[in-house]
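K.L.:
Got a file for you: entry.txt, compact mmCIF, N, CA, C and O atoms.
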```txt
# COMPACT_ATOMS: atom_id res chain seq x y z
N ASP A 24 91.45 76.05 103.60
CA ASP A 24 92.26 77.15 104.13
C ASP A 24 93.71 76.71 104.34
O ASP A 24 94.64 77.45 104.03
N ARG A 25 93.88 75.53 104.88
CA ARG A 25 95.24 75.04 105.14
C ARG A 25 96.02 74.90 103.84
O ARG A 25 97.20 75.25 103.78
N THR A 26 95.36 74.42 102.80
CA THR A 26 96.02 74.25 101.50
C THR A 26 96.48 75.59 100.95
O THR A 26 97.59 75.71 100.45
N LEU A 27 95.61 76.61 101.05
CA LEU A 27 95.99 77.95 100.57
C LEU A 27 97.21 78.46 101.33
O LEU A 27 98.15 78.98 100.73
N THR A 28 97.19 78.30 102.65
CA THR A 28 98.32 78.75 103.47
C THR A 28 99.60 78.04 103.04
O THR A 28 100.65 78.67 102.88
N GLN A 29 99.51 76.73 102.83
CA GLN A 29 100.69 75.96 102.43
C GLN A 29 101.22 76.41 101.06
O GLN A 29 102.43 76.50 100.86
N GLN A 30 100.30 76.70 100.13
CA GLN A 30 100.73 77.13 98.79
C GLN A 30 101.44 78.48 98.86
O GLN A 30 102.46 78.69 98.19
N ILE A 31 100.92 79.41 99.65
CA ILE A 31 101.54 80.73 99.79
C ILE A 31 102.88 80.60 100.49
O ILE A 31 103.88 81.18 100.07
N ARG A 32 102.93 79.81 101.56
CA ARG A 32 104.19 79.59 102.29
C ARG A 32 105.25 79.04 101.35
O ARG A 32 106.39 79.50 101.34
N LYS A 33 104.90 78.06 100.54
CA LYS A 33 105.86 77.46 99.61
C LYS A 33 106.36 78.51 98.60
O LYS A 33 107.56 78.59 98.34
N ALA A 34 105.45 79.34 98.08
CA ALA A 34 105.84 80.36 97.11
C ALA A 34 106.81 81.35 97.74
O ALA A 34 107.78 81.77 97.11
N VAL A 35 106.58 81.71 99.01
CA VAL A 35 107.45 82.67 99.70
C VAL A 35 108.81 82.04 100.00
O VAL A 35 109.86 82.63 99.72
N VAL A 36 108.81 80.84 100.55
CA VAL A 36 110.06 80.18 100.94
C VAL A 36 110.92 79.84 99.72
O VAL A 36 112.14 79.90 99.78
N ASP A 37 110.28 79.52 98.61
CA ASP A 37 111.03 79.13 97.41
C ASP A 37 111.65 80.32 96.68
O ASP A 37 112.44 80.15 95.77
N ASP A 38 111.30 81.55 97.07
CA ASP A 38 111.83 82.75 96.41
C ASP A 38 113.13 83.16 97.08
O ASP A 38 113.13 83.72 98.17
N ASP A 39 114.24 82.90 96.40
CA ASP A 39 115.56 83.18 96.99
C ASP A 39 115.87 84.67 97.09
O ASP A 39 116.83 85.06 97.73
N SER A 40 115.07 85.52 96.43
CA SER A 40 115.34 86.95 96.51
C SER A 40 114.79 87.56 97.80
O SER A 40 115.12 88.70 98.12
N LEU A 41 113.97 86.81 98.54
CA LEU A 41 113.41 87.33 99.79
C LEU A 41 114.35 87.07 100.96
O LEU A 41 115.04 86.06 100.99
N SER A 42 114.33 87.98 101.93
CA SER A 42 115.19 87.84 103.10
C SER A 42 114.64 86.75 104.03
O SER A 42 113.48 86.34 103.92
N THR A 43 115.47 86.31 104.95
CA THR A 43 115.04 85.34 105.95
C THR A 43 113.89 85.91 106.76
O THR A 43 112.94 85.20 107.09
N MET A 44 113.96 87.19 107.06
CA MET A 44 112.89 87.85 107.82
C MET A 44 111.56 87.70 107.07
O MET A 44 110.54 87.35 107.66
N ALA A 45 111.58 87.95 105.77
CA ALA A 45 110.36 87.87 104.97
C ALA A 45 109.82 86.44 104.90
O ALA A 45 108.61 86.23 104.87
N LYS A 46 110.72 85.47 104.88
CA LYS A 46 110.29 84.07 104.79
C LYS A 46 109.64 83.59 106.09
O LYS A 46 108.99 82.54 106.10
N ASN A 47 109.82 84.33 107.17
CA ASN A 47 109.27 83.92 108.47
C ASN A 47 107.99 84.65 108.85
O ASN A 47 107.59 84.62 110.01
N ILE A 48 107.33 85.29 107.89
CA ILE A 48 106.09 86.00 108.20
C ILE A 48 104.99 85.01 108.58
O ILE A 48 105.08 83.82 108.27
N LYS A 49 103.97 85.52 109.23
CA LYS A 49 102.80 84.70 109.55
C LYS A 49 101.83 84.77 108.38
O LYS A 49 101.55 85.84 107.85
N ILE A 50 101.33 83.62 107.99
CA ILE A 50 100.31 83.52 106.94
C ILE A 50 99.12 82.80 107.56
O ILE A 50 99.22 81.63 107.91
N VAL A 51 98.02 83.52 107.74
CA VAL A 51 96.83 82.95 108.37
C VAL A 51 95.68 83.01 107.39
O VAL A 51 95.37 84.08 106.85
N THR A 52 95.04 81.88 107.15
CA THR A 52 93.91 81.83 106.23
C THR A 52 92.65 81.42 106.99
O THR A 52 92.63 80.38 107.64
N VAL A 53 91.62 82.27 106.92
CA VAL A 53 90.34 81.98 107.56
C VAL A 53 89.23 82.23 106.55
O VAL A 53 89.11 83.34 106.02
N ASN A 54 88.46 81.20 106.26
CA ASN A 54 87.37 81.29 105.29
C ASN A 54 87.83 81.87 103.95
O ASN A 54 87.13 82.69 103.35
N GLY A 55 89.01 81.49 103.51
CA GLY A 55 89.50 81.92 102.21
C GLY A 55 90.15 83.30 102.19
O GLY A 55 90.65 83.73 101.17
N VAL A 56 90.14 84.00 103.33
CA VAL A 56 90.78 85.32 103.40
C VAL A 56 92.15 85.14 104.07
O VAL A 56 92.26 84.60 105.16
N VAL A 57 93.18 85.61 103.38
CA VAL A 57 94.56 85.44 103.85
C VAL A 57 95.05 86.71 104.53
O VAL A 57 94.97 87.79 103.96
N THR A 58 95.55 86.57 105.76
CA THR A 58 96.17 87.68 106.47
C THR A 58 97.67 87.44 106.50
O THR A 58 98.13 86.36 106.89
N LEU A 59 98.42 88.45 106.06
CA LEU A 59 99.89 88.41 106.07
C LEU A 59 100.37 89.32 107.17
O LEU A 59 100.02 90.50 107.19
N ARG A 60 101.16 88.79 108.12
CA ARG A 60 101.64 89.59 109.23
C ARG A 60 103.11 89.33 109.50
O ARG A 60 103.57 88.21 109.35
N GLY A 61 103.80 90.37 109.98
CA GLY A 61 105.18 90.22 110.37
C GLY A 61 106.07 91.25 109.69
O GLY A 61 105.62 92.02 108.85
N PRO A 62 107.34 91.24 110.06
CA PRO A 62 108.29 92.21 109.51
C PRO A 62 108.91 91.74 108.20
O PRO A 62 109.14 90.56 108.00
N VAL A 63 109.14 92.70 107.30
CA VAL A 63 109.91 92.46 106.08
C VAL A 63 110.97 93.55 105.98
O VAL A 63 110.88 94.57 106.65
N GLN A 64 111.97 93.34 105.13
CA GLN A 64 113.11 94.25 105.05
C GLN A 64 112.79 95.56 104.34
O GLN A 64 113.30 96.60 104.69
N ASN A 65 111.94 95.48 103.29
CA ASN A 65 111.70 96.67 102.48
C ASN A 65 110.33 96.60 101.79
O ASN A 65 109.70 95.55 101.79
N PRO A 66 109.90 97.73 101.22
CA PRO A 66 108.59 97.75 100.55
C PRO A 66 108.48 96.77 99.38
O PRO A 66 107.40 96.26 99.11
N GLN A 67 109.60 96.50 98.71
CA GLN A 67 109.57 95.56 97.59
C GLN A 67 109.18 94.17 98.06
O GLN A 67 108.40 93.47 97.40
N GLU A 68 109.73 93.75 99.21
CA GLU A 68 109.38 92.42 99.74
C GLU A 68 107.90 92.37 100.09
O GLU A 68 107.23 91.38 99.81
N LYS A 69 107.41 93.43 100.68
CA LYS A 69 105.99 93.48 101.04
C LYS A 69 105.13 93.29 99.79
O LYS A 69 104.19 92.49 99.78
N GLN A 70 105.48 94.00 98.71
CA GLN A 70 104.71 93.90 97.47
C GLN A 70 104.85 92.52 96.83
O GLN A 70 103.87 91.97 96.32
N MET A 71 106.06 91.97 96.86
CA MET A 71 106.28 90.66 96.25
C MET A 71 105.48 89.58 96.94
O MET A 71 104.86 88.72 96.30
N ILE A 72 105.47 89.61 98.27
CA ILE A 72 104.73 88.59 99.03
C ILE A 72 103.24 88.74 98.77
O ILE A 72 102.53 87.75 98.56
N GLU A 73 102.76 89.98 98.78
CA GLU A 73 101.33 90.20 98.51
C GLU A 73 100.97 89.71 97.11
O GLU A 73 99.92 89.08 96.91
N ALA A 74 101.83 89.96 96.13
CA ALA A 74 101.57 89.52 94.76
C ALA A 74 101.49 88.00 94.67
O ALA A 74 100.62 87.45 93.99
N LYS A 75 102.38 87.31 95.38
CA LYS A 75 102.36 85.85 95.39
C LYS A 75 101.04 85.34 95.98
O LYS A 75 100.42 84.42 95.46
N ALA A 76 100.63 85.94 97.08
CA ALA A 76 99.37 85.54 97.71
C ALA A 76 98.19 85.79 96.79
O ALA A 76 97.28 84.97 96.68
N LYS A 77 98.20 86.93 96.10
CA LYS A 77 97.10 87.28 95.19
C LYS A 77 97.00 86.28 94.04
O LYS A 77 95.90 85.94 93.60
N GLN A 78 98.13 85.80 93.56
CA GLN A 78 98.12 84.82 92.47
C GLN A 78 97.42 83.54 92.91
O GLN A 78 96.80 82.86 92.11
N ILE A 79 97.52 83.21 94.18
CA ILE A 79 96.98 81.95 94.69
C ILE A 79 95.51 82.09 95.10
O ILE A 79 94.70 81.23 94.80
N VAL A 80 95.14 83.19 95.78
CA VAL A 80 93.77 83.29 96.30
C VAL A 80 92.92 84.37 95.66
O VAL A 80 91.72 84.39 95.87
N GLY A 81 93.52 85.29 94.92
CA GLY A 81 92.75 86.37 94.31
C GLY A 81 92.94 87.68 95.07
O GLY A 81 93.19 87.69 96.27
N ALA A 82 92.78 88.79 94.36
CA ALA A 82 93.14 90.11 94.88
C ALA A 82 92.29 90.56 96.06
O ALA A 82 92.76 91.27 96.93
N ASN A 83 91.03 90.15 96.11
CA ASN A 83 90.14 90.66 97.16
C ASN A 83 90.24 89.89 98.46
O ASN A 83 89.57 90.22 99.43
N GLN A 84 91.06 88.85 98.49
CA GLN A 84 91.11 87.97 99.66
C GLN A 84 92.36 88.17 100.51
O GLN A 84 92.69 87.32 101.31
N ILE A 85 93.05 89.31 100.35
CA ILE A 85 94.32 89.52 101.04
C ILE A 85 94.19 90.68 102.04
O ILE A 85 93.73 91.75 101.70
N ASP A 86 94.63 90.42 103.27
CA ASP A 86 94.75 91.47 104.28
C ASP A 86 96.24 91.59 104.60
O ASP A 86 96.78 90.80 105.36
N ASN A 87 96.90 92.56 103.96
CA ASN A 87 98.35 92.70 104.08
C ASN A 87 98.70 93.60 105.26
O ASN A 87 98.56 94.81 105.20
N GLN A 88 99.15 92.98 106.35
CA GLN A 88 99.55 93.72 107.55
C GLN A 88 101.06 93.66 107.74
O GLN A 88 101.56 93.87 108.86
N LEU A 89 101.79 93.36 106.69
CA LEU A 89 103.25 93.28 106.78
C LEU A 89 103.83 94.65 107.12
O LEU A 89 103.36 95.67 106.63
N GLU A 90 104.86 94.64 107.98
CA GLU A 90 105.50 95.89 108.39
C GLU A 90 106.91 95.95 107.84
O GLU A 90 107.67 95.00 107.99
N VAL A 91 107.26 97.07 107.22
CA VAL A 91 108.60 97.25 106.70
C VAL A 91 109.50 97.72 107.85
O VAL A 91 109.29 98.77 108.42
N LYS A 92 110.48 96.87 108.20
CA LYS A 92 111.37 97.17 109.31
C LYS A 92 112.70 97.75 108.84
O LYS A 92 113.32 98.52 109.55
N GLY A 93 113.12 97.33 107.66
CA GLY A 93 114.39 97.83 107.14
C GLY A 93 115.59 97.24 107.85
O GLY A 93 115.46 96.63 108.90
N PRO A 94 116.77 97.45 107.28
CA PRO A 94 117.99 96.88 107.86
C PRO A 94 118.42 97.63 109.11
O PRO A 94 118.04 98.75 109.34
```
Re-express the file's structure as structure tokens.

P.N.:
Amino acid sequence: DRTLTQQIRKAVVDDDSLSTMAKNIKIVTVNGVVTLRGPVQNPQEKQMIEAKAKQIVGANQIDNQLEVKGP
């Protein structure tokens, strides 16, 4: 679980198109299921982060609770 969290965190932090707010989301992995929580700037960031997580753990293992806060 820790390795999955680290891989997703690295993918998010390494993406320069994401806002600082998006890079500071919570990523919690329990038994292979990843929960994404926290504020992001826009719906595109929410989708991008979810897509990165899906590439690492698979589509059925994501609980996307990210909230779009906007500027």

K.L.:
Edge lengths and centre, in Å to one decimal, as JSON: that's what I need for the box along x, y and z that holds all listed atoms of stretch 75-79 of chain A plus 8 Å on each side.

P.N.:
```
{"center_x": 98.5, "center_y": 84.3, "center_z": 94.9, "size_x": 23.7, "size_y": 22.1, "size_z": 21.6}
```

K.L.:
Using DSSP on the backbone coordinates, identify all residues within chain A classified as strand (DSSP E); present the result as a PyMOL selection string.

P.N.:
chain A and resi 49-53+56-63+85-91

K.L.:
Please list as a ChimeraX atom specification every residue within 6 Å of A:Asp24, counting all atoms listed in the file and excluding residues in the same chain fewer than 3 positions away.

P.N.:
/A:27-29,52-55

K.L.:
One decimal, in Å: what's the spacing between atom O of A:Ala82 and atom CA of A:Asp39?

P.N.:
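Atom CA of A:Asp39 lies at a distance of 24.2 Å from atom O of A:Ala82.
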
K.L.:
I want to know what sits within 7 Å of A:Gly61, based on only N, CA, C and O atoms, with residues of the same chain fewer than 6 positions away left out; could you give that as an MDAnalysis selection string?

P.N.:
chainID A and resid 44 47:49 88:92

K.L.:
With N, CA, C and O atoms retained, write the just-selected residues as a PDB file, keeping the file's coordinate frame.

P.N.:
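Contents of again34.pdb, freshly written:
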```
ATOM      1  N   MET A  44     113.960  87.190 107.060  1.00  0.00           N
ATOM      2  CA  MET A  44     112.890  87.850 107.820  1.00  0.00           C
ATOM      3  C   MET A  44     111.560  87.700 107.070  1.00  0.00           C
ATOM      4  O   MET A  44     110.540  87.350 107.660  1.00  0.00           O
ATOM      5  N   ASN A  47     109.820  84.330 107.170  1.00  0.00           N
ATOM      6  CA  ASN A  47     109.270  83.920 108.470  1.00  0.00           C
ATOM      7  C   ASN A  47     107.990  84.650 108.850  1.00  0.00           C
ATOM      8  O   ASN A  47     107.590  84.620 110.010  1.00  0.00           O
ATOM      9  N   ILE A  48     107.330  85.290 107.890  1.00  0.00           N
ATOM     10  CA  ILE A  48     106.090  86.000 108.200  1.00  0.00           C
ATOM     11  C   ILE A  48     104.990  85.010 108.580  1.00  0.00           C
ATOM     12  O   ILE A  48     105.080  83.820 108.270  1.00  0.00           O
ATOM     13  N   LYS A  49     103.970  85.520 109.230  1.00  0.00           N
ATOM     14  CA  LYS A  49     102.800  84.700 109.550  1.00  0.00           C
ATOM     15  C   LYS A  49     101.830  84.770 108.380  1.00  0.00           C
ATOM     16  O   LYS A  49     101.550  85.840 107.850  1.00  0.00           O
ATOM     17  N   GLN A  88      99.150  92.980 106.350  1.00  0.00           N
ATOM     18  CA  GLN A  88      99.550  93.720 107.550  1.00  0.00           C
ATOM     19  C   GLN A  88     101.060  93.660 107.740  1.00  0.00           C
ATOM     20  O   GLN A  88     101.560  93.870 108.860  1.00  0.00           O
ATOM     21  N   LEU A  89     101.790  93.360 106.690  1.00  0.00           N
ATOM     22  CA  LEU A  89     103.250  93.280 106.780  1.00  0.00           C
ATOM     23  C   LEU A  89     103.830  94.650 107.120  1.00  0.00           C
ATOM     24  O   LEU A  89     103.360  95.670 106.630  1.00  0.00           O
ATOM     25  N   GLU A  90     104.860  94.640 107.980  1.00  0.00           N
ATOM     26  CA  GLU A  90     105.500  95.890 108.390  1.00  0.00           C
ATOM     27  C   GLU A  90     106.910  95.950 107.840  1.00  0.00           C
ATOM     28  O   GLU A  90     107.670  95.000 107.990  1.00  0.00           O
ATOM     29  N   VAL A  91     107.260  97.070 107.220  1.00  0.00           N
ATOM     30  CA  VAL A  91     108.600  97.250 106.700  1.00  0.00           C
ATOM     31  C   VAL A  91     109.500  97.720 107.850  1.00  0.00           C
ATOM     32  O   VAL A  91     109.290  98.770 108.420  1.00  0.00           O
ATOM     33  N   LYS A  92     110.480  96.870 108.200  1.00  0.00           N
ATOM     34  CA  LYS A  92     111.370  97.170 109.310  1.00  0.00           C
ATOM     35  C   LYS A  92     112.700  97.750 108.840  1.00  0.00           C
ATOM     36  O   LYS A  92     113.320  98.520 109.550  1.00  0.00           O
TER      37      LYS A  92
END
```

K.L.:
Mind checking which residues fall within 5 Å of A:Asn65, counting all atoms listed in the file, ignoring those fewer than 3 positions away in the same chain, and posting them as an MDAnalysis selection string?

P.N.:
chainID A and resid 68:69 93

K.L.:
For atom CA of A:Leu41 and atom CA of A:Arg25, determine how far apart the two atoms are, in Å to one decimal place.

P.N.:
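Result for atom CA of A:Leu41 versus atom CA of A:Arg25: 22.6 Å, one decimal.
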
K.L.:
Would you return as a PyMOL selection string the members of stretch 41-77 of chain A that DSSP assigns to helix (DSSP H, G or I) on this structure's backbone?

P.N.:
chain A and resi 43-46+66-77

K.L.:
Could you save the residues just selected, with N, CA, C and O atoms, as a tab-separated table (two decimals), in the frame of the given file?

P.N.:
```tsv
chain	number	residue	atom	x	y	z
A	43	THR	N	115.47	86.31	104.95
A	43	THR	CA	115.04	85.34	105.95
A	43	THR	C	113.89	85.91	106.76
A	43	THR	O	112.94	85.20	107.09
A	44	MET	N	113.96	87.19	107.06
A	44	MET	CA	112.89	87.85	107.82
A	44	MET	C	111.56	87.70	107.07
A	44	MET	O	110.54	87.35	107.66
A	45	ALA	N	111.58	87.95	105.77
A	45	ALA	CA	110.36	87.87	104.97
A	45	ALA	C	109.82	86.44	104.90
A	45	ALA	O	108.61	86.23	104.87
A	46	LYS	N	110.72	85.47	104.88
A	46	LYS	CA	110.29	84.07	104.79
A	46	LYS	C	109.64	83.59	106.09
A	46	LYS	O	108.99	82.54	106.10
A	66	PRO	N	109.90	97.73	101.22
A	66	PRO	CA	108.59	97.75	100.55
A	66	PRO	C	108.48	96.77	99.38
A	66	PRO	O	107.40	96.26	99.11
A	67	GLN	N	109.60	96.50	98.71
A	67	GLN	CA	109.57	95.56	97.59
A	67	GLN	C	109.18	94.17	98.06
A	67	GLN	O	108.40	93.47	97.40
A	68	GLU	N	109.73	93.75	99.21
A	68	GLU	CA	109.38	92.42	99.74
A	68	GLU	C	107.90	92.37	100.09
A	68	GLU	O	107.23	91.38	99.81
A	69	LYS	N	107.41	93.43	100.68
A	69	LYS	CA	105.99	93.48	101.04
A	69	LYS	C	105.13	93.29	99.79
A	69	LYS	O	104.19	92.49	99.78
A	70	GLN	N	105.48	94.00	98.71
A	70	GLN	CA	104.71	93.90	97.47
A	70	GLN	C	104.85	92.52	96.83
A	70	GLN	O	103.87	91.97	96.32
A	71	MET	N	106.06	91.97	96.86
A	71	MET	CA	106.28	90.66	96.25
A	71	MET	C	105.48	89.58	96.94
A	71	MET	O	104.86	88.72	96.30
A	72	ILE	N	105.47	89.61	98.27
A	72	ILE	CA	104.73	88.59	99.03
A	72	ILE	C	103.24	88.74	98.77
A	72	ILE	O	102.53	87.75	98.56
A	73	GLU	N	102.76	89.98	98.78
A	73	GLU	CA	101.33	90.20	98.51
A	73	GLU	C	100.97	89.71	97.11
A	73	GLU	O	99.92	89.08	96.91
A	74	ALA	N	101.83	89.96	96.13
A	74	ALA	CA	101.57	89.52	94.76
A	74	ALA	C	101.49	88.00	94.67
A	74	ALA	O	100.62	87.45	93.99
A	75	LYS	N	102.38	87.31	95.38
A	75	LYS	CA	102.36	85.85	95.39
A	75	LYS	C	101.04	85.34	95.98
A	75	LYS	O	100.42	84.42	95.46
A	76	ALA	N	100.63	85.94	97.08
A	76	ALA	CA	99.37	85.54	97.71
A	76	ALA	C	98.19	85.79	96.79
A	76	ALA	O	97.28	84.97	96.68
A	77	LYS	N	98.20	86.93	96.10
A	77	LYS	CA	97.10	87.28	95.19
A	77	LYS	C	97.00	86.28	94.04
A	77	LYS	O	95.90	85.94	93.60
```

K.L.:
Would you kindly return, as a PDB file with N, CA, C and O atoms, keeping the file's coordinate frame, each protein, DNA or RNA residue with an atom no farther than 6 Å from any atom of A:Ile31, considering only N, CA, C and O atoms and excluding same-chain residues fewer than 5 positions away?

P.N.:
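Printed below is out-v9.pdb as written:
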```
ATOM      1  N   THR A  26      95.360  74.420 102.800  1.00  0.00           N
ATOM      2  CA  THR A  26      96.020  74.250 101.500  1.00  0.00           C
ATOM      3  C   THR A  26      96.480  75.590 100.950  1.00  0.00           C
ATOM      4  O   THR A  26      97.590  75.710 100.450  1.00  0.00           O
ATOM      5  N   VAL A  36     108.810  80.840 100.550  1.00  0.00           N
ATOM      6  CA  VAL A  36     110.060  80.180 100.940  1.00  0.00           C
ATOM      7  C   VAL A  36     110.920  79.840  99.720  1.00  0.00           C
ATOM      8  O   VAL A  36     112.140  79.900  99.780  1.00  0.00           O
ATOM      9  N   LYS A  75     102.380  87.310  95.380  1.00  0.00           N
ATOM     10  CA  LYS A  75     102.360  85.850  95.390  1.00  0.00           C
ATOM     11  C   LYS A  75     101.040  85.340  95.980  1.00  0.00           C
ATOM     12  O   LYS A  75     100.420  84.420  95.460  1.00  0.00           O
ATOM     13  N   ALA A  76     100.630  85.940  97.080  1.00  0.00           N
ATOM     14  CA  ALA A  76      99.370  85.540  97.710  1.00  0.00           C
ATOM     15  C   ALA A  76      98.190  85.790  96.790  1.00  0.00           C
ATOM     16  O   ALA A  76      97.280  84.970  96.680  1.00  0.00           O
TER      17      ALA A  76
END
```

K.L.:
Would you mind reading off the distance between atom CA of A:Asp37 and atom C of A:Ile72, one decimal, in Å?

P.N.:
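It comes out at 12.4 Å.
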
K.L.:
From (96.1, 86.6, 104.1), in the file's coordinates, out to 7 Å: which residues are reached, counting all atoms listed in the file? Answer as a list in words.

P.N.:
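Applying the cut-off with all atoms listed in the file, one gets Lys49, Ile50, Val51, Thr52, Val53, Gly55, Val56, Val57, Thr58, Leu59, Arg60, Gln84, Ile85, Asp86 and Asn87 of chain A.
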